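Below is start-v6.csv, which holds CSV, N, CA and C atoms.
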chain,number,residue,atom,x,y,z
O,406,MET,N,-51.5,113.5,-82.7
O,406,MET,CA,-52.1,112.4,-81.9
O,406,MET,C,-53.1,113.0,-80.9
O,407,ASN,N,-54.3,112.6,-80.8
O,407,ASN,CA,-55.2,113.0,-79.8
O,407,ASN,C,-55.3,112.0,-78.7
O,408,LYS,N,-56.1,112.3,-77.7
O,408,LYS,CA,-56.1,111.4,-76.5
O,408,LYS,C,-56.6,110.0,-76.9
O,409,GLU,N,-57.6,109.9,-77.7
O,409,GLU,CA,-58.1,108.6,-78.1
O,409,GLU,C,-57.0,107.7,-78.8
O,410,GLU,N,-56.2,108.4,-79.7
O,410,GLU,CA,-55.1,107.7,-80.3
O,410,GLU,C,-54.0,107.3,-79.3
O,411,LEU,N,-53.8,108.1,-78.4
O,411,LEU,CA,-52.8,107.9,-77.3
O,411,LEU,C,-53.2,106.7,-76.5
O,412,VAL,N,-54.5,106.6,-76.1
O,412,VAL,CA,-55.1,105.5,-75.3
O,412,VAL,C,-54.9,104.2,-76.1
O,413,LYS,N,-55.2,104.2,-77.4
O,413,LYS,CA,-55.0,103.0,-78.2
O,413,LYS,C,-53.6,102.5,-78.2
O,414,GLU,N,-52.7,103.5,-78.4
O,414,GLU,CA,-51.2,103.1,-78.5
O,414,GLU,C,-50.7,102.6,-77.2
O,415,ILE,N,-51.0,103.3,-76.1
O,415,ILE,CA,-50.6,102.8,-74.7
O,415,ILE,C,-51.2,101.5,-74.4
O,416,SER,N,-52.5,101.3,-74.8
O,416,SER,CA,-53.2,100.0,-74.5
O,416,SER,C,-52.4,98.9,-75.3
O,417,ARG,N,-52.1,99.1,-76.5
O,417,ARG,CA,-51.4,98.1,-77.3
O,417,ARG,C,-50.0,97.8,-76.8
O,418,LYS,N,-49.3,98.8,-76.5
O,418,LYS,CA,-47.9,98.6,-76.1
O,418,LYS,C,-47.8,98.0,-74.7
O,419,ALA,N,-48.7,98.5,-73.8
O,419,ALA,CA,-48.6,98.0,-72.4
O,419,ALA,C,-49.4,96.7,-72.2
O,420,LYS,N,-50.1,96.3,-73.2
O,420,LYS,CA,-51.0,95.1,-73.1
O,420,LYS,C,-52.0,95.2,-72.0
O,421,VAL,N,-52.7,96.4,-71.9
O,421,VAL,CA,-53.7,96.6,-71.0
O,421,VAL,C,-55.0,97.0,-71.8
O,422,SER,N,-56.1,97.0,-71.1
O,422,SER,CA,-57.3,97.4,-71.9
O,422,SER,C,-57.3,98.9,-72.1
O,423,GLN,N,-58.1,99.3,-73.1
O,423,GLN,CA,-58.2,100.7,-73.4
O,423,GLN,C,-58.8,101.5,-72.3
O,424,LYS,N,-59.7,100.9,-71.5
O,424,LYS,CA,-60.2,101.6,-70.3
O,424,LYS,C,-59.1,101.8,-69.3
O,425,GLN,N,-58.3,100.8,-69.1
O,425,GLN,CA,-57.2,101.0,-68.1
O,425,GLN,C,-56.2,102.0,-68.6
O,426,ALA,N,-55.9,102.0,-69.9
O,426,ALA,CA,-54.9,103.0,-70.4
O,426,ALA,C,-55.5,104.4,-70.3
O,427,SER,N,-56.8,104.5,-70.6
O,427,SER,CA,-57.4,105.8,-70.4
O,427,SER,C,-57.4,106.3,-69.0
O,428,GLU,N,-57.7,105.5,-68.0
O,428,GLU,CA,-57.6,105.8,-66.6
O,428,GLU,C,-56.3,106.3,-66.2
O,429,ILE,N,-55.2,105.6,-66.7
O,429,ILE,CA,-53.8,105.9,-66.3
O,429,ILE,C,-53.5,107.3,-66.9
O,430,ILE,N,-53.8,107.5,-68.2
O,430,ILE,CA,-53.5,108.8,-68.8
O,430,ILE,C,-54.2,109.9,-68.1
O,431,THR,N,-55.5,109.7,-67.8
O,431,THR,CA,-56.3,110.7,-67.0
O,431,THR,C,-55.6,111.0,-65.7
O,432,LEU,N,-55.2,110.0,-65.0
O,432,LEU,CA,-54.6,110.2,-63.7
O,432,LEU,C,-53.3,111.0,-63.8
O,433,VAL,N,-52.5,110.7,-64.8
O,433,VAL,CA,-51.2,111.4,-65.0
O,433,VAL,C,-51.5,112.9,-65.3
O,434,LEU,N,-52.4,113.1,-66.2
O,434,LEU,CA,-52.7,114.5,-66.6
O,434,LEU,C,-53.3,115.3,-65.4
O,435,GLU,N,-54.2,114.7,-64.6
O,435,GLU,CA,-54.8,115.3,-63.5
O,435,GLU,C,-53.7,115.7,-62.4
O,436,THR,N,-52.8,114.7,-62.3
O,436,THR,CA,-51.7,115.0,-61.3
O,436,THR,C,-50.8,116.1,-61.7
O,437,ILE,N,-50.5,116.2,-63.0
O,437,ILE,CA,-49.7,117.3,-63.5
O,437,ILE,C,-50.5,118.6,-63.3
O,438,GLU,N,-51.8,118.6,-63.7
O,438,GLU,CA,-52.6,119.8,-63.5
O,438,GLU,C,-52.7,120.3,-62.1
O,439,LYS,N,-52.9,119.4,-61.2
O,439,LYS,CA,-53.0,119.8,-59.7
O,439,LYS,C,-51.7,120.3,-59.2
O,440,THR,N,-50.6,119.7,-59.6
O,440,THR,CA,-49.3,120.1,-59.1
O,440,THR,C,-49.0,121.5,-59.7
O,441,VAL,N,-49.2,121.7,-60.9
O,441,VAL,CA,-48.9,123.0,-61.5
O,441,VAL,C,-49.8,124.1,-60.9
O,442,SER,N,-51.1,123.8,-60.7
O,442,SER,CA,-52.0,124.7,-60.1
O,442,SER,C,-51.6,125.2,-58.7
O,443,LYS,N,-50.8,124.3,-58.0
O,443,LYS,CA,-50.3,124.7,-56.7
O,443,LYS,C,-49.0,125.5,-56.8
O,444,GLY,N,-48.6,125.9,-58.0
O,444,GLY,CA,-47.4,126.7,-58.2
O,444,GLY,C,-46.1,125.9,-58.3
O,445,LYS,N,-46.2,124.6,-58.4
O,445,LYS,CA,-45.0,123.8,-58.5
O,445,LYS,C,-44.8,123.5,-59.9
O,446,LYS,N,-43.5,123.0,-60.2
O,446,LYS,CA,-43.1,122.6,-61.5
O,446,LYS,C,-43.1,121.1,-61.7
O,447,VAL,N,-43.4,120.6,-62.8
O,447,VAL,CA,-43.3,119.2,-63.1
O,447,VAL,C,-42.4,119.0,-64.3
O,448,THR,N,-41.3,118.3,-64.1
O,448,THR,CA,-40.3,118.0,-65.1
O,448,THR,C,-40.3,116.6,-65.4
O,449,LEU,N,-40.5,116.2,-66.7
O,449,LEU,CA,-40.4,114.9,-67.2
O,449,LEU,C,-39.2,114.9,-68.1
O,450,VAL,N,-38.1,114.3,-67.6
O,450,VAL,CA,-36.8,114.4,-68.4
O,450,VAL,C,-37.0,113.7,-69.7
O,451,GLY,N,-36.5,114.4,-70.8
O,451,GLY,CA,-36.7,113.8,-72.1
O,451,GLY,C,-38.0,114.2,-72.8
O,452,PHE,N,-38.9,114.8,-72.0
O,452,PHE,CA,-40.2,115.2,-72.6
O,452,PHE,C,-40.5,116.6,-72.5
O,453,GLY,N,-40.5,117.2,-71.2
O,453,GLY,CA,-40.8,118.6,-71.1
O,453,GLY,C,-41.0,119.0,-69.7
O,454,THR,N,-41.2,120.3,-69.5
O,454,THR,CA,-41.5,120.9,-68.2
O,454,THR,C,-42.8,121.6,-68.2
O,455,PHE,N,-43.6,121.4,-67.2
O,455,PHE,CA,-44.9,122.0,-67.0
O,455,PHE,C,-44.8,123.0,-65.9
O,456,GLU,N,-45.2,124.3,-66.1
O,456,GLU,CA,-45.2,125.2,-65.0
O,456,GLU,C,-46.2,126.4,-65.3
O,457,ALA,N,-46.8,126.9,-64.3
O,457,ALA,CA,-47.6,128.1,-64.5
O,457,ALA,C,-46.8,129.3,-64.6
O,458,ARG,N,-47.1,130.2,-65.5
O,458,ARG,CA,-46.4,131.5,-65.6
O,458,ARG,C,-47.4,132.7,-65.6
O,459,LYS,N,-47.0,133.7,-65.0
O,459,LYS,CA,-47.8,134.9,-65.0
O,459,LYS,C,-47.5,135.7,-66.3
O,460,ARG,N,-48.6,136.2,-66.9
O,460,ARG,CA,-48.4,136.9,-68.1
O,460,ARG,C,-49.1,138.3,-67.9
O,461,ALA,N,-48.6,139.3,-68.6
O,461,ALA,CA,-49.2,140.6,-68.5
O,461,ALA,C,-50.6,140.5,-69.2
O,462,ALA,N,-51.5,141.4,-68.6
O,462,ALA,CA,-52.8,141.4,-69.2
O,462,ALA,C,-52.8,142.0,-70.6
O,463,ARG,N,-53.7,141.6,-71.4
O,463,ARG,CA,-53.8,142.2,-72.7
O,463,ARG,C,-55.2,142.4,-73.1
O,464,THR,N,-55.4,143.2,-74.2
O,464,THR,CA,-56.7,143.5,-74.7
O,464,THR,C,-57.1,142.5,-75.8
O,465,GLY,N,-58.3,142.0,-75.7
O,465,GLY,CA,-58.8,141.2,-76.7
O,465,GLY,C,-60.2,141.6,-77.1
O,466,ARG,N,-60.9,140.9,-77.9
O,466,ARG,CA,-62.2,141.2,-78.4
O,466,ARG,C,-63.2,140.0,-78.1
O,467,ASN,N,-64.4,140.4,-77.7
O,467,ASN,CA,-65.4,139.4,-77.6
O,467,ASN,C,-65.9,139.0,-79.0
O,468,PRO,N,-65.7,137.7,-79.4
O,468,PRO,CA,-66.0,137.4,-80.7
O,468,PRO,C,-67.5,137.5,-81.1
O,469,GLN,N,-68.4,137.5,-80.1
O,469,GLN,CA,-69.8,137.7,-80.4
O,469,GLN,C,-70.2,139.1,-80.6
O,470,THR,N,-69.6,140.0,-79.8
O,470,THR,CA,-70.1,141.4,-79.8
O,470,THR,C,-69.0,142.4,-80.4
O,471,GLY,N,-67.8,141.9,-80.5
O,471,GLY,CA,-66.7,142.8,-81.0
O,471,GLY,C,-66.2,143.8,-80.0
O,472,ALA,N,-66.8,143.8,-78.8
O,472,ALA,CA,-66.4,144.7,-77.7
O,472,ALA,C,-65.0,144.3,-77.2
O,473,GLU,N,-64.2,145.3,-76.8
O,473,GLU,CA,-62.9,145.1,-76.3
O,473,GLU,C,-63.0,144.6,-74.8
O,474,ILE,N,-62.2,143.6,-74.5
O,474,ILE,CA,-62.2,143.1,-73.1
O,474,ILE,C,-60.7,142.9,-72.7
O,475,LYS,N,-60.5,143.0,-71.4
O,475,LYS,CA,-59.2,142.7,-70.8
O,475,LYS,C,-59.1,141.2,-70.5
O,476,ILE,N,-58.0,140.7,-71.0
O,476,ILE,CA,-57.7,139.3,-70.8
O,476,ILE,C,-56.6,139.2,-69.7
O,477,PRO,N,-56.9,138.7,-68.5
O,477,PRO,CA,-55.9,138.7,-67.4
O,477,PRO,C,-54.7,137.8,-67.8
What does this structure look like when you write it as structure tokens?
Amino acid sequence: MNKEELVKEISRKAKVSQKQASEIITLVLETIEKTVSKGKKVTLVGFGTFEARKRAARTGRNPQTGAEIKIP
């Protein structure tokens, strides 16, 4: 399911316009993103947990040039 399909489903179930459903979904996602970017965890019981994690740097390749690059 993509965002457009989610908007339609929420709109239908909540009996709100697709514009309103889209705005609500956008607000929820922006709030989760801002909270996680501040180093905090967001837990939605029965759904999942969102948190930022540090990962070790790794080597990748630039798809245009083939040159090795460090991915932080």
Exercise. So what do you get for atom C of Arg463 in chain O versus atom C of Val441 in chain O, distance-wise?
Worked result: 22.6 Å
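Going from atom N of Ile476 in chain O over to CA of Ala457 in chain O, you cover 17.6 Å.
Shortest separation to Arg460 in chain O among O:Gln425, O:Lys413, O:Lys408, O:Pro477 occurs at residue O:Pro477, atoms counted being all atoms listed in the file.
The coordinates place atom N of Lys443 in chain O at 11.8 Å from atom C of Arg458 in chain O.
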Problem set entry | Spatial neighbours of Ile437 in chain O, max dist 9 Å, only C-alpha atoms, sep filter under 4 positions, as a PyMOL selection string | chain O and resi 432-433+441-442+446-447+455
For this session: Anything within 8 Å of (-55.3, 112.3, -71.7): list those residues as a list in words, counting all atoms listed in the file and sticking to the file's coordinates.
Result: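 Returned residue set, sorted by chain then number, is Asn407, Lys408, Glu409, Leu411, Val412, Ser427, Ile429, Ile430, Thr431, Leu432, Val433, Leu434 and Glu435 of chain O.
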Would you mind exporting the chosen residues as a PDB file, keeping the file's coordinate frame, restricted to N, CA and C atoms?
ATOM      1  N   ASN O 407     -54.300 112.600 -80.800  1.00  0.00           N
ATOM      2  CA  ASN O 407     -55.200 113.000 -79.800  1.00  0.00           C
ATOM      3  C   ASN O 407     -55.300 112.000 -78.700  1.00  0.00           C
ATOM      4  N   LYS O 408     -56.100 112.300 -77.700  1.00  0.00           N
ATOM      5  CA  LYS O 408     -56.100 111.400 -76.500  1.00  0.00           C
ATOM      6  C   LYS O 408     -56.600 110.000 -76.900  1.00  0.00           C
ATOM      7  N   GLU O 409     -57.600 109.900 -77.700  1.00  0.00           N
ATOM      8  CA  GLU O 409     -58.100 108.600 -78.100  1.00  0.00           C
ATOM      9  C   GLU O 409     -57.000 107.700 -78.800  1.00  0.00           C
ATOM     10  N   LEU O 411     -53.800 108.100 -78.400  1.00  0.00           N
ATOM     11  CA  LEU O 411     -52.800 107.900 -77.300  1.00  0.00           C
ATOM     12  C   LEU O 411     -53.200 106.700 -76.500  1.00  0.00           C
ATOM     13  N   VAL O 412     -54.500 106.600 -76.100  1.00  0.00           N
ATOM     14  CA  VAL O 412     -55.100 105.500 -75.300  1.00  0.00           C
ATOM     15  C   VAL O 412     -54.900 104.200 -76.100  1.00  0.00           C
ATOM     16  N   SER O 427     -56.800 104.500 -70.600  1.00  0.00           N
ATOM     17  CA  SER O 427     -57.400 105.800 -70.400  1.00  0.00           C
ATOM     18  C   SER O 427     -57.400 106.300 -69.000  1.00  0.00           C
ATOM     19  N   ILE O 429     -55.200 105.600 -66.700  1.00  0.00           N
ATOM     20  CA  ILE O 429     -53.800 105.900 -66.300  1.00  0.00           C
ATOM     21  C   ILE O 429     -53.500 107.300 -66.900  1.00  0.00           C
ATOM     22  N   ILE O 430     -53.800 107.500 -68.200  1.00  0.00           N
ATOM     23  CA  ILE O 430     -53.500 108.800 -68.800  1.00  0.00           C
ATOM     24  C   ILE O 430     -54.200 109.900 -68.100  1.00  0.00           C
ATOM     25  N   THR O 431     -55.500 109.700 -67.800  1.00  0.00           N
ATOM     26  CA  THR O 431     -56.300 110.700 -67.000  1.00  0.00           C
ATOM     27  C   THR O 431     -55.600 111.000 -65.700  1.00  0.00           C
ATOM     28  N   LEU O 432     -55.200 110.000 -65.000  1.00  0.00           N
ATOM     29  CA  LEU O 432     -54.600 110.200 -63.700  1.00  0.00           C
ATOM     30  C   LEU O 432     -53.300 111.000 -63.800  1.00  0.00           C
ATOM     31  N   VAL O 433     -52.500 110.700 -64.800  1.00  0.00           N
ATOM     32  CA  VAL O 433     -51.200 111.400 -65.000  1.00  0.00           C
ATOM     33  C   VAL O 433     -51.500 112.900 -65.300  1.00  0.00           C
ATOM     34  N   LEU O 434     -52.400 113.100 -66.200  1.00  0.00           N
ATOM     35  CA  LEU O 434     -52.700 114.500 -66.600  1.00  0.00           C
ATOM     36  C   LEU O 434     -53.300 115.300 -65.400  1.00  0.00           C
ATOM     37  N   GLU O 435     -54.200 114.700 -64.600  1.00  0.00           N
ATOM     38  CA  GLU O 435     -54.800 115.300 -63.500  1.00  0.00           C
ATOM     39  C   GLU O 435     -53.700 115.700 -62.400  1.00  0.00           C
TER      40      GLU O 435
END
Exercise. Quick one: DSSP alpha helix (DSSP H) residues in chain O, as a PyMOL selection string?
Worked result: chain O and resi 408-419+423-442
